[in-house]
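A.B. asks: Just dropping this structure here.
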Amino acid sequence: MAMTTDHSHDHFKLEDTRITRRYFGKFERITQHMTKVAATMEAEGRLARRDTDVLARYLLGLNLTFKALAHKYHFSGRYAHAGQLTFDRVESGFPVYQELLEMANDALQAGTHLASMPSVNALKDQMVRTIVGEQAIPTKLQYALSQRLYYEELSKGGMFWARNDPTAVWIKNDDDRRHFQVHWAVYDSQVNLPVIYIMDVEDTGKTGLPKDERRWPEAQSHLMAQSLGGLKLLTIAKGFDEDFDDLHPTRLRRFHIGPMYSSAFTMQTGPLREVLEAAKSPVGEDWAMVWTEEELLSERVEHVKSGWFGSVERQIFALDPFATGGSDMGASRMERSLIMPERPYQALAERNPAGFKDVRKFVVSAEGRVLSYR
């Protein structure tokens with residue numbers, strides 16, 4: 001694999017066209033599998049339908065992000081100006097954070113680029129004339145077409161961006177309060193991984209949260225500022241609870257998508273890498289994806305004094321006393337899952353490395369079946 005170091009020993013550029021296309025092809029399959037895994041979790045009763053819908057939205061956005069980047073770097077190694085994808089092959093297996101920032105900037109200028117470029121059909125006609133008339137490979141035109149398709153994808157929207165601001169969905173009304181599900185997502189710049197948040201909120205304000213011109217922008221800004229992988233769920237939920245007297249977070253979940261392990265692309269150490277090497281899987285099946293869910297639940301409500309005569313609700317959150325590190329985990333529970341094709345799973349079962357007994361395994365087949373194992 002042709003690679004060169006980019007600023008750090010963890011980040012590498014893909015310089016070969018064939019390898020670049022293989023990388024994106026792998027992620028296209030993985031993101032499709034993850035959507036089916038979320039549906040399997042729903043069937044098992046571990047996710048509600050609205051949770052699955054939220055996860056599917058962000059996973060689809062992630063797929064669209066990879067589709068756009070695949071167009072952008074389609075001719076890496078074959079054309080001097082094509083650029084090269086930089087990805088984190090030590091920590092995450094995903095593109096580095098900077099790639100998503102550049103893509104967001106390109107999206108702002110997509111309309112300008114498309115207006116100055118020939119259409120897809122015009123480029124294809126020119127390519128045919130070059131091949132037939134000049135008997136030459138139309139590399140420049142092929143590259144121009146890949147960029148046209150890249151900007152077309154960006155103009156459609158729906159991608160997973162570096163920041164995906166909060167959305168509030170009404171669930172129900174209950175006496176003096178409204179119930180909302182608030183969800184948002186970020187691309188963690190420290191570990192180069194997508195992270196999805198889902199929070200259940202009870203609203204006792206006069207105006208429903210999404211329609212409140214004062215509270216909603218403040219709540220969105222607050223949540224995005226706290227969306228750091230290093231912060232515990234307890235810190236995020238308590239901060240929100242204390243900053244908004246009439247918004248009560250009763251449940252907060254965080255889904256970490258990745259890391260992705262691949263014997264062909266990544267250089268992580270540990271049992272999973274050894275399993276993938278032992279599996280000797282064919283192209284496209286030499287991978288494993290980690291999926292981690294953290295959950296924080298409100299255990300009870302206390303009323304604390306506010307002002308001279310008033311009081312406000314404060315949530316008391318349940319922490320898992322049996323978790324590694326006890327309450328230091330800052331969550332009620334945490335569960336790790338592993339998504340992998342059949343052959344790597346067989347190698348994992350045969351080697352049975354320590355630490356994987358309680359990890360749920362989702363085994364995916366080329367035909368799209370998903371089987372769940374403990």
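The chains in the structure tokens are called A, B, ... from first to last as shown; in each chain the residues are counted from 1, and the ligands are counted from 1 in the order shown.
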What are the closest atom pairs, with distances in Å to one decimal, for each residue of segment 36-109 of chain A lying within 12 Å of segment 273-290 of chain A, using only C-alpha atoms, rows by chain and rising residue number, as CSV?

C.D. replies:
```
residue,atom,partner,partner_atom,distance
A:Val37,CA,A:Met289,CA,11.4
A:Val90,CA,A:Arg273,CA,11.3
A:Glu91,CA,A:Val290,CA,12.0
A:Ser92,CA,A:Met289,CA,9.7
A:Gly93,CA,A:Met289,CA,9.5
A:Phe94,CA,A:Met289,CA,10.9
```

A.B. asks: Which residues, written as an NGL selection string, have at least one atom at most 10 Å from segment 164-177 of chain A, with only C-alpha atoms counted and residues fewer than 3 positions away on the same chain left out?

C.D. replies: :A and (50 or 58 or 159-161 or 180-187 or 196-206 or 208-211 or 216-217 or 219-221 or 223-224 or 246-248)

A.B. asks: Can those selected residues be exported to a file as a CSV table (one decimal), in the first residue's frame so that it contains N, CA and C atoms?

C.D. replies:
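Produced file again-v5.csv, reproduced below:
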```
chain,number,residue,atom,x,y,z
A,50,ARG,N,-37.9,5.1,17.5
A,50,ARG,CA,-37.4,6.4,17.2
A,50,ARG,C,-35.9,6.5,17.4
A,58,TYR,N,-28.2,9.3,10.9
A,58,TYR,CA,-26.7,9.7,10.9
A,58,TYR,C,-25.9,8.7,10.2
A,159,MET,N,-25.3,15.0,4.5
A,159,MET,CA,-24.0,14.4,5.0
A,159,MET,C,-23.9,14.4,6.5
A,160,PHE,N,-23.0,13.6,7.0
A,160,PHE,CA,-22.5,13.6,8.3
A,160,PHE,C,-21.4,14.6,8.4
A,161,TRP,N,-21.6,15.8,9.0
A,161,TRP,CA,-20.6,16.9,9.0
A,161,TRP,C,-19.8,16.8,10.3
A,180,PHE,N,-39.6,15.7,24.8
A,180,PHE,CA,-38.9,15.8,23.5
A,180,PHE,C,-37.7,14.8,23.5
A,181,GLN,N,-37.4,14.4,22.3
A,181,GLN,CA,-36.1,13.6,22.1
A,181,GLN,C,-35.2,14.6,21.3
A,182,VAL,N,-34.1,14.9,21.9
A,182,VAL,CA,-33.1,15.8,21.3
A,182,VAL,C,-31.9,15.0,20.8
A,183,HIS,N,-31.5,15.1,19.6
A,183,HIS,CA,-30.4,14.3,19.1
A,183,HIS,C,-29.4,15.2,18.3
A,184,TRP,N,-28.2,14.9,18.3
A,184,TRP,CA,-27.1,15.6,17.6
A,184,TRP,C,-25.9,14.7,17.4
A,185,ALA,N,-25.0,15.2,16.7
A,185,ALA,CA,-23.8,14.3,16.4
A,185,ALA,C,-22.6,15.2,16.1
A,186,VAL,N,-21.4,14.7,16.4
A,186,VAL,CA,-20.2,15.4,16.0
A,186,VAL,C,-19.2,14.3,15.5
A,187,TYR,N,-18.1,14.9,14.8
A,187,TYR,CA,-17.0,14.1,14.4
A,187,TYR,C,-15.9,14.4,15.4
A,196,ILE,N,-22.7,10.0,18.2
A,196,ILE,CA,-24.1,10.4,18.1
A,196,ILE,C,-24.6,10.5,19.6
A,197,TYR,N,-25.4,11.5,19.8
A,197,TYR,CA,-26.0,11.8,21.1
A,197,TYR,C,-27.5,11.7,21.0
A,198,ILE,N,-28.2,11.1,22.0
A,198,ILE,CA,-29.7,11.1,22.0
A,198,ILE,C,-30.0,11.4,23.5
A,199,MET,N,-30.8,12.5,23.7
A,199,MET,CA,-31.2,12.9,25.0
A,199,MET,C,-32.7,13.0,25.1
A,200,ASP,N,-33.3,12.4,26.2
A,200,ASP,CA,-34.7,12.6,26.5
A,200,ASP,C,-34.9,13.7,27.4
A,201,VAL,N,-35.7,14.7,27.1
A,201,VAL,CA,-35.9,15.9,27.9
A,201,VAL,C,-37.3,16.2,28.2
A,202,GLU,N,-37.6,16.5,29.4
A,202,GLU,CA,-38.9,17.0,29.8
A,202,GLU,C,-38.9,18.5,29.9
A,203,ASP,N,-39.9,19.2,29.3
A,203,ASP,CA,-39.9,20.6,29.1
A,203,ASP,C,-41.0,21.2,29.9
A,204,THR,N,-40.8,22.0,30.9
A,204,THR,CA,-41.8,22.7,31.7
A,204,THR,C,-41.9,24.2,31.4
A,205,GLY,N,-41.3,24.6,30.3
A,205,GLY,CA,-41.4,26.0,29.9
A,205,GLY,C,-42.8,26.3,29.3
A,206,LYS,N,-43.0,27.6,29.1
A,206,LYS,CA,-44.3,28.1,28.6
A,206,LYS,C,-44.4,27.8,27.1
A,208,GLY,N,-43.0,25.5,23.8
A,208,GLY,CA,-42.3,24.2,23.5
A,208,GLY,C,-40.9,24.5,23.0
A,209,LEU,N,-39.9,23.7,23.4
A,209,LEU,CA,-38.5,24.0,23.2
A,209,LEU,C,-38.1,24.4,21.8
A,210,PRO,N,-38.5,23.6,20.8
A,210,PRO,CA,-38.1,24.0,19.4
A,210,PRO,C,-38.6,25.3,18.9
A,211,LYS,N,-39.7,25.8,19.5
A,211,LYS,CA,-40.4,27.0,19.1
A,211,LYS,C,-40.0,28.2,20.0
A,216,TRP,N,-34.1,27.7,22.8
A,216,TRP,CA,-33.7,26.7,21.8
A,216,TRP,C,-32.3,27.0,21.3
A,217,PRO,N,-32.0,28.2,20.8
A,217,PRO,CA,-30.6,28.5,20.4
A,217,PRO,C,-29.6,28.4,21.5
A,219,ALA,N,-29.9,26.3,24.1
A,219,ALA,CA,-29.7,24.9,24.4
A,219,ALA,C,-28.9,24.2,23.3
A,220,GLN,N,-29.1,24.6,22.1
A,220,GLN,CA,-28.3,24.0,21.0
A,220,GLN,C,-26.8,24.4,21.2
A,221,SER,N,-26.5,25.6,21.5
A,221,SER,CA,-25.2,26.1,21.7
A,221,SER,C,-24.5,25.4,22.8
A,223,LEU,N,-25.3,22.4,24.1
A,223,LEU,CA,-25.0,21.0,23.9
A,223,LEU,C,-23.8,20.8,22.9
A,224,MET,N,-23.7,21.6,21.9
A,224,MET,CA,-22.6,21.5,21.0
A,224,MET,C,-21.3,21.8,21.7
A,246,ASP,N,-36.0,24.9,33.4
A,246,ASP,CA,-37.3,24.3,32.9
A,246,ASP,C,-37.0,23.2,31.9
A,247,LEU,N,-35.8,22.7,31.7
A,247,LEU,CA,-35.5,21.6,30.9
A,247,LEU,C,-34.8,20.5,31.7
A,248,HIS,N,-35.4,19.3,31.7
A,248,HIS,CA,-35.0,18.3,32.6
A,248,HIS,C,-34.5,17.0,31.8
```

A.B. asks: Would you list, as a PyMOL selection string, the residues of segment 37-244 of chain A that end up in helix (DSSP H, G or I) under DSSP run on this structure's backbone?

C.D. replies: chain A and resi 37-43+49-72+97-108+110-115+120-133+139-156+209-211+215-225+233-243

A.B. asks: Keeping C-alpha atoms for every residue in the selection just given, could you write it to a file as a compact mmCIF listing (two decimals), in the first residue's frame?

C.D. replies:
```txt
# COMPACT_ATOMS: atom_id res chain seq x y z
CA VAL A 37 -27.35 -3.86 13.10
CA ALA A 38 -29.41 -0.95 14.50
CA ALA A 39 -32.56 -2.64 13.15
CA THR A 40 -31.49 -5.90 14.83
CA MET A 41 -31.06 -4.03 18.14
CA GLU A 42 -34.59 -2.70 17.73
CA ALA A 43 -35.93 -6.21 17.09
CA ARG A 49 -38.14 2.74 16.84
CA ARG A 50 -37.44 6.45 17.23
CA ASP A 51 -33.89 5.62 18.39
CA THR A 52 -33.36 3.45 15.32
CA ASP A 53 -34.67 6.24 13.10
CA VAL A 54 -32.17 8.68 14.61
CA LEU A 55 -29.24 6.30 14.26
CA ALA A 56 -30.26 5.43 10.69
CA ARG A 57 -30.33 9.13 9.81
CA TYR A 58 -26.75 9.67 10.95
CA LEU A 59 -25.49 6.39 9.51
CA LEU A 60 -27.02 7.31 6.15
CA GLY A 61 -25.31 10.70 6.43
CA LEU A 62 -22.03 8.93 7.13
CA ASN A 63 -22.53 6.80 4.03
CA LEU A 64 -23.17 9.93 1.95
CA THR A 65 -20.03 11.54 3.38
CA PHE A 66 -17.94 8.57 2.28
CA LYS A 67 -19.66 8.55 -1.12
CA ALA A 68 -18.75 12.21 -1.67
CA LEU A 69 -15.15 11.69 -0.53
CA ALA A 70 -14.89 8.68 -2.83
CA HIS A 71 -15.72 10.93 -5.79
CA LYS A 72 -13.28 13.58 -4.60
CA TYR A 97 -11.21 15.45 11.14
CA GLN A 98 -9.64 17.90 8.69
CA GLU A 99 -11.16 15.98 5.76
CA LEU A 100 -14.67 16.75 7.02
CA LEU A 101 -13.82 20.40 7.61
CA GLU A 102 -12.59 20.73 4.02
CA MET A 103 -15.69 18.96 2.75
CA ALA A 104 -17.93 21.41 4.66
CA ASN A 105 -16.05 24.33 3.11
CA ASP A 106 -16.42 22.77 -0.36
CA ALA A 107 -20.16 22.37 0.26
CA LEU A 108 -20.51 26.12 0.80
CA ALA A 110 -20.60 23.75 -4.46
CA GLY A 111 -23.06 25.91 -6.40
CA THR A 112 -20.30 28.15 -7.74
CA HIS A 113 -18.22 25.17 -8.85
CA LEU A 114 -21.15 23.42 -10.54
CA ALA A 115 -22.11 26.58 -12.42
CA VAL A 120 -22.08 15.14 -16.67
CA ASN A 121 -23.40 14.38 -20.17
CA ALA A 122 -21.14 16.99 -21.76
CA LEU A 123 -18.09 15.52 -20.02
CA LYS A 124 -19.05 12.00 -21.09
CA ASP A 125 -19.45 13.17 -24.72
CA GLN A 126 -16.00 14.76 -24.63
CA MET A 127 -14.55 11.56 -23.19
CA VAL A 128 -16.04 9.47 -26.02
CA ARG A 129 -14.63 11.87 -28.63
CA THR A 130 -11.20 11.70 -27.00
CA ILE A 131 -11.23 7.91 -26.91
CA VAL A 132 -12.55 7.44 -30.46
CA GLY A 133 -11.05 10.44 -32.22
CA THR A 139 -7.69 11.19 -17.76
CA LYS A 140 -8.27 14.94 -17.32
CA LEU A 141 -11.90 14.59 -18.34
CA GLN A 142 -12.35 11.61 -16.03
CA TYR A 143 -10.95 13.64 -13.18
CA ALA A 144 -13.24 16.57 -14.08
CA LEU A 145 -16.22 14.20 -14.03
CA SER A 146 -15.26 12.87 -10.59
CA GLN A 147 -15.14 16.45 -9.25
CA ARG A 148 -18.47 17.25 -10.87
CA LEU A 149 -20.01 14.24 -9.11
CA TYR A 150 -18.35 15.29 -5.84
CA TYR A 151 -19.91 18.74 -5.89
CA GLU A 152 -23.27 17.32 -6.96
CA GLU A 153 -23.24 15.06 -3.89
CA LEU A 154 -22.37 18.01 -1.66
CA SER A 155 -25.18 20.09 -3.13
CA LYS A 156 -27.72 17.37 -2.23
CA LEU A 209 -38.48 24.01 23.24
CA PRO A 210 -38.06 23.99 19.41
CA LYS A 211 -40.36 27.02 19.10
CA ARG A 215 -34.12 28.83 24.97
CA TRP A 216 -33.67 26.68 21.84
CA PRO A 217 -30.63 28.52 20.38
CA GLU A 218 -29.09 28.60 23.87
CA ALA A 219 -29.74 24.88 24.38
CA GLN A 220 -28.27 24.02 20.98
CA SER A 221 -25.15 26.08 21.65
CA HIS A 222 -24.75 24.56 25.11
CA LEU A 223 -25.01 20.97 23.87
CA MET A 224 -22.58 21.46 20.99
CA ALA A 225 -20.04 23.07 23.32
CA LEU A 233 -22.22 11.81 30.31
CA LEU A 234 -22.79 12.82 33.93
CA THR A 235 -20.91 16.08 33.37
CA ILE A 236 -22.88 16.87 30.21
CA ALA A 237 -26.29 16.05 31.72
CA LYS A 238 -25.69 17.86 35.03
CA GLY A 239 -24.42 20.95 33.24
CA PHE A 240 -27.52 21.05 31.04
CA ASP A 241 -29.82 20.40 34.00
CA GLU A 242 -28.29 23.24 36.03
CA ASP A 243 -28.18 25.77 33.19
```

A.B. asks: DSSP on the backbone, strand (DSSP E or B) only: what residues of segment 244-316 of chain A does that give? Format it as a count of residues only.

C.D. replies: 43

A.B. asks: Could you check the closest approach to Tyr373 of chain A for each of A:Ala331, A:Met340, A:Met267, A:Val312 and tell me which residue wins, using only C-alpha atoms?

C.D. replies: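 Closest residue, counting only C-alpha atoms: A:Met340.
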
A.B. asks: Given only C-alpha atoms as the basis, pick out the residue of A:Val304, A:Glu313, A:Glu213, A:Glu335 nearest to Phe255 of chain A.

C.D. replies: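 Closest candidate: A:Glu335.
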
A.B. asks: In terms of the shortest atom-to-atom distance over only C-alpha atoms, which of A:Leu228, A:Ala82, A:Ile257, A:Leu252 is closest to Leu193 of chain A?

C.D. replies: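 Under the stated criterion, the closest residue is A:Ile257.
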
A.B. asks: Determine the nearest neighbour of Glu294 of chain A from the options A:Ser365, A:Ser332, A:Asn352, A:Thr207, counting only C-alpha atoms.

C.D. replies: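 Looking at the shortest contact to Glu294 of chain A, the residue is A:Ser332.
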
A.B. asks: Considering only C-alpha atoms, can you say which of A:Ser189, A:Ser262, A:Glu302, A:Leu272 comes closest to Ala349 of chain A?

C.D. replies: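 Residue with the minimum atom-to-atom distance to Ala349 of chain A: A:Leu272.
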